[in-house]
Structures are given as C-alpha cells and as structure tokens.
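Below you'll find the structure, written out as structure tokens, and then a few comments.
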Amino acid sequence: MTLTEVASTSAEVGATRSRLAKVDALAGVLRRADSADEVEVVVAFLSGAPRQGRIGAGWRTLASLAPSAASGASLTVGEVDDALTATARASGKGAAAARAEVLGGLFARATAGEQAFLRALLTGELRQGALEGVMLDAIARAADVPGTAVRRAFMLSGRLPATARAALDGGAEALAGFGLELHRPVRPMLASPGTSLAEAVESLSPCLVEYKMDGARIQVHKTPGRVSVYTRTLRDITASVPELVALVEQLPCHTTVLDGETLALRDDGKPRPFQETMSRFGSTQEEQIAALLLRPYFFDCLHLDGRDLLDSPLRERNEALRAAVGDHLIPGVVEPTQEQAEELTAAALDAGHEGVMVKGLDSAYAAGRRGKAWQKVKPVHTFDLVVLAAEWGHGRRAGLLSNLHLGARDPDGGPPIMVGKTFKGLTDELLAWQTEEFQKRESHRDDWVVHLEDQPVVEIALDGVQSSPRYPGSIALRFARVVRYRPDKTPAEADTIDALKALRN
DNA sequence: TTCCGACAGTGGGGTCGCAAT
DNA sequence: ATTGCGACCCCACTATCGGAA
C-alpha cells in the first residue's frame with residue numbers, strides 16, 4: 001500500500017466530524033491492506049502510534065529537515081516503517097545526525113501531502129479526530145467481528161497493531177485466543193473524577209473506599225523465579241526497581257498479577273512529594289536507586305496461583321489481594337457507612353495522601369477504560385489570581401487566546417509573581433470572550449504571547465503547589481484550571497503567594 | 001426526545017538520559 | 001560543565017457524536 005493512500009485517508013478522516021464516517025474510511029483502508037504485516041503498519045500510522053514507539057526525533061529535529069517535496073508519490077508504507085525502524089535504532093555519538101540523515105532521505109522522497117502526514121504522525125499531532133478508540137471500532141468493522149471482542153483483545157495484548165492483525169487474519173476466534181499472560185502487561189483500569197465522597201459512595205454502593213496515593217502506577221507480574229514490573233503505559237521498568245522485585249519475591253504467593261501504586265516515604269512515614277518519587281522512579285543510576293527506597297501499595301489482584309480474576313467482581317479480587325500481598329495492602333475499608341468513608345478520607349489526608357478512591361465491589365476489571373466504577377475524590381483548593389498574559393492556542397484553539405499566565409499577589413506590594421499557566425476549564429464562550437477582552441487590555445505582545453495591563457482576576461482551582469526551579473516565587477501550581485472570572489475583584493484583592501505556599505506541608 | 005458514555009483534543013509542571021556545545 | 005531535546009511520569013477539563021434510556 002502506498003503512503004499516499006494512508007495520508008489521504010487521514011485527511012478524509014480529519015475532514016468529517018461524523019464518527020461513523022471516520023470508522024468507515026478507516027475500515028476501508030484496513031480491508032485494502034496487502035498483507036498482515038501491512039495491516040499492522042497501517043493501524044499504527046492511522047492511530048497516531050508508530051510501532052517503533054518514540055524514535056528519538058521530535059518537532060525540533062523535523063523542523064531542521066526542510067527538504068523540498070517530491071513531485072510524484074512513490075513511497076510505500078513498508079518503506080516508511082523501515083525508515084522509522086532505522087531512525088529508532090540510531091544511538092550513541094552521532095545519533096542525531098544519523099536520524100536526520102534517514103528522515104531527510106525519507107522526506108525528500110515524499111510529496112508535500114505525505115510530508116505533512118509524516119510530520120503530524122511523528123510529533124504526535126495527527127489531529128484527525130480518531131486515535132485508539134475510533135480505530136478499535138474500525139478494526140471491528142473491517143474484520144466483521146463484535147467491538148467488544150476487539151476491545152478485550154486489545155486490553156489483554158496492550159498492542160493495537162497485533163490486535164488488528166489477529167482480527168483480520170483469524171476473526172473472532174483469533175481474538176478470543178488472547179488471554180491474560182504472565183509477564184505481558186494488560187492495560188490498567190483508570191478512574192474518573194467523582195463529584196463528592198457522599199455521592200460516589202452512594203452511587204457505587206456496595207463499595208470499597210481506599211487511600212489515593214500520589215505516586216506512580218505499577219503492575220507487577222510474578223511467577224516462580226521471575227518478577228516483572230510495568231508502568232501505566234506498559235513500559236517494563238523491572239531493572240530500575242530492584243527493591244520492589246525483592247519485595248514481591250517474598251510475597252506469600254507463587255504466581256500473581258498485582259496492580260498498585262509506588263512511592264517513596266519520609267522517615268516519619270509520610271509520603272515524599274511526587275517530584276521526589278518521580279526522580280527516583282525515572283532514574284536508572286545505581287546510586288540514585290540506592291538513595292531512595294520505593295514502597296509498593298497494592299490495590300488489585302488480576303491473577304492468583306492459576307486463577308484469572310479479570311472478570312471477577314472486585315469483591316473477589318480484593319479477597320485474593322489480601323491473601324497475596326500481606327501487609328503491602330493499600331489502606332481501605334470495605335462497605336463503609338458514609339461516616340466511616342469520611343473517617344478514612346480524613347485519615348488519608350492527615351497522613352499526607354491525595355484523597356481516596358471509591359470503587360464498586362460488583363465491578364469487573366475494565367482495563368483501559370475510564371469508567372465510573374472507580375472514582376477518585378480529592379479536596380479542591382481555589383484561589384483568586386491575576387492574569388498576566390495569554391498565549392495563542394493551537395489546533396481547534398487557533399486564533400484564540402488560550403493559555404493563561406497566572407500571578408499571585410506580592411504581599412510586600414510589588415508586581416504579581418508568576419506561579420504557573422493554565423488552559424483548562426475554558427469553554428468556547430469563555431475563550432471567545434477573553435480573546436476579545438484581553439486585546440483591549442493589551443500592553444504589548446510578542447510572537448506567541450499577549451501581555452496585559454489592567455490585569456483581570458480569575459478564580460483558579462488547583463490540587464496543590466510544588467517547588468519549582470522555573471518560576472520566580474519558586475513554587476508552581478499543580479493541575480490548575482479556570483473556575484470563573486472575578487470582575488468584582490481587583491488585583492489588590494487577589495490571593496498572595498504566601499497563601500499558596502501555605503499549601504505545602 | 002433527551003441523556004450520557006466514550007473519545008479526542010488542548011495543553012500544564014517536573015525529572016531523567018543523552019548528545020551536542 | 002552546561003544546555004537542549006525527547007521521553008515519560010503525574011493530570012483536568014470541554015466538545016462532540018451517537019447509542020441508550
């Protein structure tokens with residue numbers, strides 16, 4: 001199959017807003033693939049995720065290529081796939097030059113339309129309104145099998161191209177062949193935000209409430225003599241977490257798959273800031289690994305000593321979990337009253353954790369989905385801050401002022417101190433309003449930023465603050481989002497940076 | 001007819017590894 | 001030694017489509 005056909009399909013998918021039409025177009029191109037190998041490549045390209053993963057070249061590298069476009073189309077998807085493999089393989093001294101060489105050659109053979117597609121694909125900005133979810137439906141359509149069968153196979157294999165290959169090659173039977181396999185990670189179940197503790201407990205009852213900790217998600221597979229540890233995105237990090245491996249080896253079970261959170265603690269038992277856990281988590285250096293001990297807190301069990309539990313209700317998985325992990329269980333309470341749920345939440349916050357998770361005890365493990373069966377409840381802090389400037393948006397926000405620069409009041413009377421940015425929480429209406437209003441209040445601008453005088457006050461919700469090497473006040477907001485503008489307030493009435501700093505414990 | 005689940009898009013801060021300077 | 005890029009952790013929220021109620 002030619003790259004042109006894939007690129008034009010992407011354009012076709014991007015041109016319609018109808019999801020059914022997107023699925024039609026994608027299913028069509030999958031049916032026309034010449035081989036099973038080609039199906040994998042086409043699925044990868046049109047879901048925005050090349051099989052090579054990240055290839056070590058981003059927007060900066062691509063911008064430096066700037067070759068002229070070929071006049072005629074000649075590239076096949078197989079050739080492009082080979083070029084990406086060669087690019088990803090480059091390492092060591094001269095790797096950047098080698099990548100530029102390969103990609104430069106590839107781009108020189110591509111037409112203008114093909115270049116645009118490749119550029120979007122490699123920077124992760126396909127913006128065709130179809131990624132994994134829509135592609136799953138397209139695979140089901142192309143192979144004429146139920147969507148649920150495709151979704152399940154994807155959840156278990158974690159790989160979309162391999163799922164598509166099985167569906168188109170062997171149909172429903174091949175898809176049913178995917179099972180939970182030890183040392184092959186499944187996509188983790190995700191949670192959605194809950195409105196309040198009372199509502200979450202009420203709507204999910206009978207439920208389980210447990211601590212929500214501020215660390216990194218881990219999935220652990222154990223068979224006799226072997227332990228593997230994976231991240232939320234299914235990356236294998238076994239080699240960089242030896243203390244977790246050693247600990248799992250000692251657990252009172254032979255074969256298991258566990259889901260949990262890992263983080264580092266202070267000497268007094270309280271959690272270290274997320275930044276410190278991440279520093280340790282991301283490192284592969286031995287001294288760093290020895291310097292800070294990661295601890296696991298398990299909250300789910302997908303397999304125990306020969307028994308698959310994915311489809312079992314949480315109640316049963318929780319019983320298996322308790323048998324499997326000993327005292328490395330995350331603190332929680334089964335079928336609490338509202339009062340007990342509140343007590344647990346207070347205890348979690350008091351211990352320095354983020355909040356709690358509320359989970360329906362009758363629910364199966366719906367991997368890879370952000371369903372309502374798991375809800376997180378965290379306290380929200382709101383502050384009145386000053387808008388210092390705004391940046392022009394991209395994509396569907398092109399031509400609109402989007403990303404706000406936020407400042408806190410200086411208690412000593414100086415100019416506001418920048419503490420972060422946000423683009424979240426803005427409706428189309430608000431985007432349109434601020435684009436017009438801010439240009440009236442403009443003091444000056446550069447390429448991407450419009451700076452304001454007569455700065456408006458905006459109410460911002462946030463999860464907390466963290467220390468920052470970037471901002472002048474040495475703190476930055478975590479997960480800031482707009483609640484509403486406060487035209488009734490002046491910058492002199494905004495919250496101070498000291499009030500924000502008080503959030504740090 | 002209305003409601004709501006699922007999806008994609010739009011980006012935020014921080015840290016690490018690695019190669020180039 | 002420092003800097004910049006790329007990758008990957010954590011994450012909230014809105015708009016939209018189309019099936020469910």
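We name chains A, B, ... following the order of the structure tokens; residues begin at 1 in each chain, and ligands are numbered from 1 as shown.
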Contact residues around B:DC4 with only C-alpha atoms (C1' of nucleotides) at 10 Å, ignoring same-chain residues under 5 positions, as a list in words |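 Answer for this query is DG19, DA20 and DA21 of chain C.
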Using only C-alpha atoms (C1' of nucleotides), what does the table of chain A residues within 7 Å of chain C look like, with each row giving the shortest atom pair and its distance in Å to one decimal, sorted by chain and ascending number, as CSV?
```
residue,atom,partner,partner_atom,distance
A:Ser18,CA,C:DC17,C1',6.7
A:Arg19,CA,C:DC17,C1',6.3
A:Gly56,CA,C:DG6,C1',6.0
A:Ala57,CA,C:DG6,C1',6.9
A:Gly58,CA,C:DG6,C1',6.5
A:Met278,CA,C:DC9,C1',6.7
A:Lys424,CA,C:DC13,C1',5.4
A:Gly425,CA,C:DC13,C1',5.0
A:Thr427,CA,C:DT14,C1',6.3
A:Phe479,CA,C:DC11,C1',6.1
A:Arg481,CA,C:DA12,C1',6.9
```
Please save N, CA and C atoms of the selected residues as a PDB file, in the first residue's frame.
```pdb
ATOM      1  N   SER A  18     -18.252  13.220  11.687  1.00  0.00           N
ATOM      2  CA  SER A  18     -19.043  12.027  11.992  1.00  0.00           C
ATOM      3  C   SER A  18     -18.133  10.863  12.344  1.00  0.00           C
ATOM      4  N   ARG A  19     -18.355  10.309  13.515  1.00  0.00           N
ATOM      5  CA  ARG A  19     -17.501   9.200  13.950  1.00  0.00           C
ATOM      6  C   ARG A  19     -17.737   7.975  13.072  1.00  0.00           C
ATOM      7  N   GLY A  56      13.087   9.084  18.946  1.00  0.00           N
ATOM      8  CA  GLY A  56      14.203   9.963  19.294  1.00  0.00           C
ATOM      9  C   GLY A  56      14.290  11.207  18.432  1.00  0.00           C
ATOM     10  N   ALA A  57      13.260  11.469  17.677  1.00  0.00           N
ATOM     11  CA  ALA A  57      13.224  12.687  16.871  1.00  0.00           C
ATOM     12  C   ALA A  57      11.886  13.376  17.101  1.00  0.00           C
ATOM     13  N   GLY A  58      11.913  14.617  17.515  1.00  0.00           N
ATOM     14  CA  GLY A  58      10.686  15.362  17.775  1.00  0.00           C
ATOM     15  C   GLY A  58      10.534  16.521  16.810  1.00  0.00           C
ATOM     16  N   MET A 278       9.220  10.664  41.685  1.00  0.00           N
ATOM     17  CA  MET A 278       9.483  10.601  40.241  1.00  0.00           C
ATOM     18  C   MET A 278      10.972  10.621  39.940  1.00  0.00           C
ATOM     19  N   LYS A 424      -6.975  25.072  31.097  1.00  0.00           N
ATOM     20  CA  LYS A 424      -8.042  24.135  31.421  1.00  0.00           C
ATOM     21  C   LYS A 424      -9.284  24.829  31.970  1.00  0.00           C
ATOM     22  N   GLY A 425     -10.418  24.233  31.728  1.00  0.00           N
ATOM     23  CA  GLY A 425     -11.649  24.742  32.306  1.00  0.00           C
ATOM     24  C   GLY A 425     -12.318  25.811  31.457  1.00  0.00           C
ATOM     25  N   THR A 427     -14.469  27.257  28.479  1.00  0.00           N
ATOM     26  CA  THR A 427     -15.484  26.914  27.480  1.00  0.00           C
ATOM     27  C   THR A 427     -15.207  27.729  26.220  1.00  0.00           C
ATOM     28  N   PHE A 479      -1.921  21.208  38.445  1.00  0.00           N
ATOM     29  CA  PHE A 479      -3.235  20.959  37.846  1.00  0.00           C
ATOM     30  C   PHE A 479      -4.196  22.130  38.033  1.00  0.00           C
ATOM     31  N   ARG A 481      -6.816  24.973  36.967  1.00  0.00           N
ATOM     32  CA  ARG A 481      -7.865  25.138  35.966  1.00  0.00           C
ATOM     33  C   ARG A 481      -8.738  26.320  36.335  1.00  0.00           C
TER      34      ARG A 481
END
```
Interface list for chain B, partner chain A, 7 Å threshold, only C-alpha atoms (C1' of nucleotides), as a PDB file with N, CA and C atoms (P, O5', C5', C4', C3', O3' and C1' of nucleotides), in the first residue's frame:
```
ATOM      1  P    DC B   7     -13.663   4.710  24.362  1.00  0.00           P
ATOM      2  O5'  DC B   7     -13.362   6.048  23.564  1.00  0.00           O
ATOM      3  C5'  DC B   7     -14.111   6.352  22.413  1.00  0.00           C
ATOM      4  C4'  DC B   7     -13.628   7.664  21.839  1.00  0.00           C
ATOM      5  C3'  DC B   7     -12.136   7.874  21.988  1.00  0.00           C
ATOM      6  O3'  DC B   7     -11.570   7.868  20.689  1.00  0.00           O
ATOM      7  C1'  DC B   7     -13.391   9.796  22.716  1.00  0.00           C
ATOM      8  P    DA B   8     -10.047   8.104  20.436  1.00  0.00           P
ATOM      9  O5'  DA B   8      -9.956   9.684  20.238  1.00  0.00           O
ATOM     10  C5'  DA B   8     -10.755  10.302  19.242  1.00  0.00           C
ATOM     11  C4'  DA B   8     -10.577  11.800  19.288  1.00  0.00           C
ATOM     12  C3'  DA B   8      -9.118  12.269  19.286  1.00  0.00           C
ATOM     13  O3'  DA B   8      -8.982  13.272  18.295  1.00  0.00           O
ATOM     14  C1'  DA B   8     -10.280  13.229  21.120  1.00  0.00           C
ATOM     15  P    DG B  11      -3.272  24.562  22.809  1.00  0.00           P
ATOM     16  O5'  DG B  11      -2.196  23.412  23.058  1.00  0.00           O
ATOM     17  C5'  DG B  11      -1.117  23.573  23.958  1.00  0.00           C
ATOM     18  C4'  DG B  11      -1.527  23.265  25.371  1.00  0.00           C
ATOM     19  C3'  DG B  11      -0.358  23.164  26.338  1.00  0.00           C
ATOM     20  O3'  DG B  11      -0.139  24.408  26.953  1.00  0.00           O
ATOM     21  C1'  DG B  11      -2.098  21.546  26.755  1.00  0.00           C
ATOM     22  P    DG B  12       1.298  24.602  27.696  1.00  0.00           P
ATOM     23  O5'  DG B  12       1.039  24.055  29.176  1.00  0.00           O
ATOM     24  C5'  DG B  12       0.240  24.817  30.055  1.00  0.00           C
ATOM     25  C4'  DG B  12       0.292  24.194  31.422  1.00  0.00           C
ATOM     26  C3'  DG B  12       1.694  23.899  31.926  1.00  0.00           C
ATOM     27  O3'  DG B  12       2.117  24.984  32.741  1.00  0.00           O
ATOM     28  C1'  DG B  12       0.251  22.035  32.291  1.00  0.00           C
ATOM     29  P    DG B  14       7.810  23.187  37.663  1.00  0.00           P
ATOM     30  O5'  DG B  14       8.247  21.660  37.638  1.00  0.00           O
ATOM     31  C5'  DG B  14       7.742  20.790  38.639  1.00  0.00           C
ATOM     32  C4'  DG B  14       8.336  19.412  38.436  1.00  0.00           C
ATOM     33  C3'  DG B  14       9.851  19.409  38.272  1.00  0.00           C
ATOM     34  O3'  DG B  14      10.413  18.633  39.308  1.00  0.00           O
ATOM     35  C1'  DG B  14       8.800  18.123  36.557  1.00  0.00           C
ATOM     36  P    DT B  15      11.969  18.619  39.524  1.00  0.00           P
ATOM     37  O5'  DT B  15      12.415  17.281  38.788  1.00  0.00           O
ATOM     38  C5'  DT B  15      11.958  16.028  39.269  1.00  0.00           C
ATOM     39  C4'  DT B  15      12.442  14.956  38.331  1.00  0.00           C
ATOM     40  C3'  DT B  15      13.927  15.055  38.035  1.00  0.00           C
ATOM     41  O3'  DT B  15      14.598  13.944  38.596  1.00  0.00           O
ATOM     42  C1'  DT B  15      12.640  14.742  36.044  1.00  0.00           C
ATOM     43  P    DC B  16      16.197  13.844  38.434  1.00  0.00           P
ATOM     44  O5'  DC B  16      16.376  12.824  37.223  1.00  0.00           O
ATOM     45  C5'  DC B  16      15.758  11.551  37.277  1.00  0.00           C
ATOM     46  C4'  DC B  16      15.820  10.937  35.893  1.00  0.00           C
ATOM     47  C3'  DC B  16      17.237  10.899  35.349  1.00  0.00           C
ATOM     48  O3'  DC B  16      17.694   9.565  35.262  1.00  0.00           O
ATOM     49  C1'  DC B  16      15.688  11.801  33.746  1.00  0.00           C
ATOM     50  P    DA B  19      24.163   9.052  23.629  1.00  0.00           P
ATOM     51  O5'  DA B  19      24.279  10.432  22.851  1.00  0.00           O
ATOM     52  C5'  DA B  19      23.189  10.827  22.036  1.00  0.00           C
ATOM     53  C4'  DA B  19      23.365  12.264  21.639  1.00  0.00           C
ATOM     54  C3'  DA B  19      24.745  12.609  21.083  1.00  0.00           C
ATOM     55  O3'  DA B  19      24.543  13.396  19.931  1.00  0.00           O
ATOM     56  C1'  DA B  19      24.223  14.034  22.909  1.00  0.00           C
TER      57       DA B  19
END
```
Of the listed residues A:Ser363, A:Thr262, A:Thr163, A:Thr382, that which approaches A:Ala138 most closely, counting only C-alpha atoms =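 Of A:Ser363, A:Thr262, A:Thr163, A:Thr382, the one nearest A:Ala138, counting only C-alpha atoms, is A:Thr163.
For stretch 81-87 of chain A, the non-local neighbours within 6 Å, defined as residues at least 3 positions apart in the same chain or in other chains and counting only C-alpha atoms (C1' of nucleotides), are Gly78, Ala90 and Arg99 of chain A.
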Test item, helix (DSSP H, G or I) assignment across stretch 91-244 of chain A, answer as a PDB file with C-alpha atoms, in the first residue's frame:
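Result file is selection-v7.pdb:
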```
ATOM      1  CA  ALA A  95      22.796   9.516  16.586  1.00  0.00           C
ATOM      2  CA  ALA A  96      21.060  12.824  15.950  1.00  0.00           C
ATOM      3  CA  ALA A  97      22.896  13.210  12.638  1.00  0.00           C
ATOM      4  CA  ALA A  98      22.086   9.619  11.688  1.00  0.00           C
ATOM      5  CA  ARG A  99      18.393  10.159  12.461  1.00  0.00           C
ATOM      6  CA  ALA A 100      18.355  13.384  10.454  1.00  0.00           C
ATOM      7  CA  GLU A 101      20.040  11.563   7.574  1.00  0.00           C
ATOM      8  CA  VAL A 102      17.443   8.780   7.473  1.00  0.00           C
ATOM      9  CA  LEU A 103      14.473  11.092   7.979  1.00  0.00           C
ATOM     10  CA  GLY A 104      15.863  13.602   5.496  1.00  0.00           C
ATOM     11  CA  GLY A 105      16.057  10.863   2.862  1.00  0.00           C
ATOM     12  CA  LEU A 106      12.522   9.776   3.674  1.00  0.00           C
ATOM     13  CA  PHE A 107      11.098  13.285   3.480  1.00  0.00           C
ATOM     14  CA  ALA A 108      12.925  14.005   0.213  1.00  0.00           C
ATOM     15  CA  ALA A 112       4.011  17.739   0.172  1.00  0.00           C
ATOM     16  CA  GLY A 113       0.881  15.957   1.393  1.00  0.00           C
ATOM     17  CA  GLU A 114       2.869  12.937   2.527  1.00  0.00           C
ATOM     18  CA  GLN A 115       5.364  15.156   4.343  1.00  0.00           C
ATOM     19  CA  ALA A 116       2.559  16.862   6.235  1.00  0.00           C
ATOM     20  CA  PHE A 117       1.171  13.490   7.302  1.00  0.00           C
ATOM     21  CA  LEU A 118       4.590  12.192   8.423  1.00  0.00           C
ATOM     22  CA  ARG A 119       5.320  15.383  10.342  1.00  0.00           C
ATOM     23  CA  ALA A 120       1.977  15.137  12.198  1.00  0.00           C
ATOM     24  CA  LEU A 121       2.487  11.438  12.878  1.00  0.00           C
ATOM     25  CA  LEU A 122       5.988  11.824  14.280  1.00  0.00           C
ATOM     26  CA  GLU A 132      -7.238   4.304  19.599  1.00  0.00           C
ATOM     27  CA  GLY A 133     -10.948   4.303  20.359  1.00  0.00           C
ATOM     28  CA  VAL A 134     -12.165   5.001  16.843  1.00  0.00           C
ATOM     29  CA  MET A 135      -9.563   2.625  15.380  1.00  0.00           C
ATOM     30  CA  LEU A 136     -10.880  -0.183  17.600  1.00  0.00           C
ATOM     31  CA  ASP A 137     -14.305   0.275  16.029  1.00  0.00           C
ATOM     32  CA  ALA A 138     -12.750   0.388  12.558  1.00  0.00           C
ATOM     33  CA  ILE A 139     -10.916  -2.886  13.170  1.00  0.00           C
ATOM     34  CA  ALA A 140     -14.166  -4.487  14.291  1.00  0.00           C
ATOM     35  CA  ARG A 141     -15.904  -3.184  11.177  1.00  0.00           C
ATOM     36  CA  ALA A 142     -13.164  -4.292   8.798  1.00  0.00           C
ATOM     37  CA  ALA A 143     -12.977  -7.786  10.294  1.00  0.00           C
ATOM     38  CA  GLY A 147     -16.356  -4.410  19.011  1.00  0.00           C
ATOM     39  CA  THR A 148     -16.289  -5.946  22.464  1.00  0.00           C
ATOM     40  CA  ALA A 149     -14.099  -8.800  21.198  1.00  0.00           C
ATOM     41  CA  VAL A 150     -11.606  -6.338  19.718  1.00  0.00           C
ATOM     42  CA  ARG A 151     -11.554  -4.218  22.869  1.00  0.00           C
ATOM     43  CA  ARG A 152     -10.946  -7.192  25.070  1.00  0.00           C
ATOM     44  CA  ALA A 153      -8.082  -8.475  22.930  1.00  0.00           C
ATOM     45  CA  PHE A 154      -6.531  -5.010  22.958  1.00  0.00           C
ATOM     46  CA  MET A 155      -6.844  -4.743  26.721  1.00  0.00           C
ATOM     47  CA  LEU A 156      -5.075  -8.075  27.140  1.00  0.00           C
ATOM     48  CA  SER A 157      -2.386  -7.665  24.499  1.00  0.00           C
ATOM     49  CA  LEU A 160      -3.355  -2.290  18.740  1.00  0.00           C
ATOM     50  CA  PRO A 161      -1.493  -3.469  15.595  1.00  0.00           C
ATOM     51  CA  ALA A 162      -1.262  -7.061  16.858  1.00  0.00           C
ATOM     52  CA  THR A 163      -4.947  -6.928  17.763  1.00  0.00           C
ATOM     53  CA  ALA A 164      -5.855  -5.756  14.260  1.00  0.00           C
ATOM     54  CA  ARG A 165      -3.721  -8.449  12.667  1.00  0.00           C
ATOM     55  CA  ALA A 166      -5.466 -11.155  14.692  1.00  0.00           C
ATOM     56  CA  ALA A 167      -8.913  -9.753  13.937  1.00  0.00           C
ATOM     57  CA  LEU A 168      -8.384  -9.527  10.181  1.00  0.00           C
ATOM     58  CA  ASP A 169      -6.448 -12.787   9.927  1.00  0.00           C
ATOM     59  CA  GLY A 170      -8.387 -15.069  12.238  1.00  0.00           C
ATOM     60  CA  GLY A 171     -11.563 -13.209  13.172  1.00  0.00           C
ATOM     61  CA  ALA A 172     -13.389 -13.636  16.463  1.00  0.00           C
ATOM     62  CA  GLU A 173     -11.705 -16.957  17.121  1.00  0.00           C
ATOM     63  CA  ALA A 174      -8.216 -15.451  16.959  1.00  0.00           C
ATOM     64  CA  LEU A 175      -9.281 -12.554  19.176  1.00  0.00           C
ATOM     65  CA  ALA A 176     -10.656 -14.970  21.760  1.00  0.00           C
ATOM     66  CA  LEU A 197     -17.390  11.451  48.593  1.00  0.00           C
ATOM     67  CA  ALA A 198     -21.033  11.092  49.609  1.00  0.00           C
ATOM     68  CA  GLU A 199     -22.216  10.888  46.012  1.00  0.00           C
ATOM     69  CA  ALA A 200     -19.510   8.424  44.990  1.00  0.00           C
ATOM     70  CA  VAL A 201     -20.240   6.132  47.938  1.00  0.00           C
ATOM     71  CA  GLU A 202     -23.972   6.411  47.316  1.00  0.00           C
ATOM     72  CA  SER A 203     -23.805   5.697  43.573  1.00  0.00           C
ATOM     73  CA  LEU A 204     -21.288   2.838  43.764  1.00  0.00           C
ATOM     74  CA  THR A 238      11.927  -4.109  36.251  1.00  0.00           C
ATOM     75  CA  ALA A 239      15.635  -3.264  36.070  1.00  0.00           C
ATOM     76  CA  SER A 240      15.249   0.109  37.773  1.00  0.00           C
ATOM     77  CA  PRO A 242      15.206  -3.874  42.400  1.00  0.00           C
ATOM     78  CA  GLU A 243      13.728  -3.221  45.851  1.00  0.00           C
ATOM     79  CA  LEU A 244      10.216  -3.818  44.525  1.00  0.00           C
TER      80      LEU A 244
END
```
Using only C-alpha atoms (C1' of nucleotides), which residues sit within 8 Å of A:His254 once same-chain residues fewer than 6 positions away are excluded, as a list in words?
-> Lys222, Thr223, Pro224, Leu304 and Asp305 of chain A
What is the atom CA of A:Asp311-atom CA of A:Tyr365 distance in Å, reported with one decimal?
->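 Between atom CA of A:Asp311 and atom CA of A:Tyr365 the gap is 6.2 Å.
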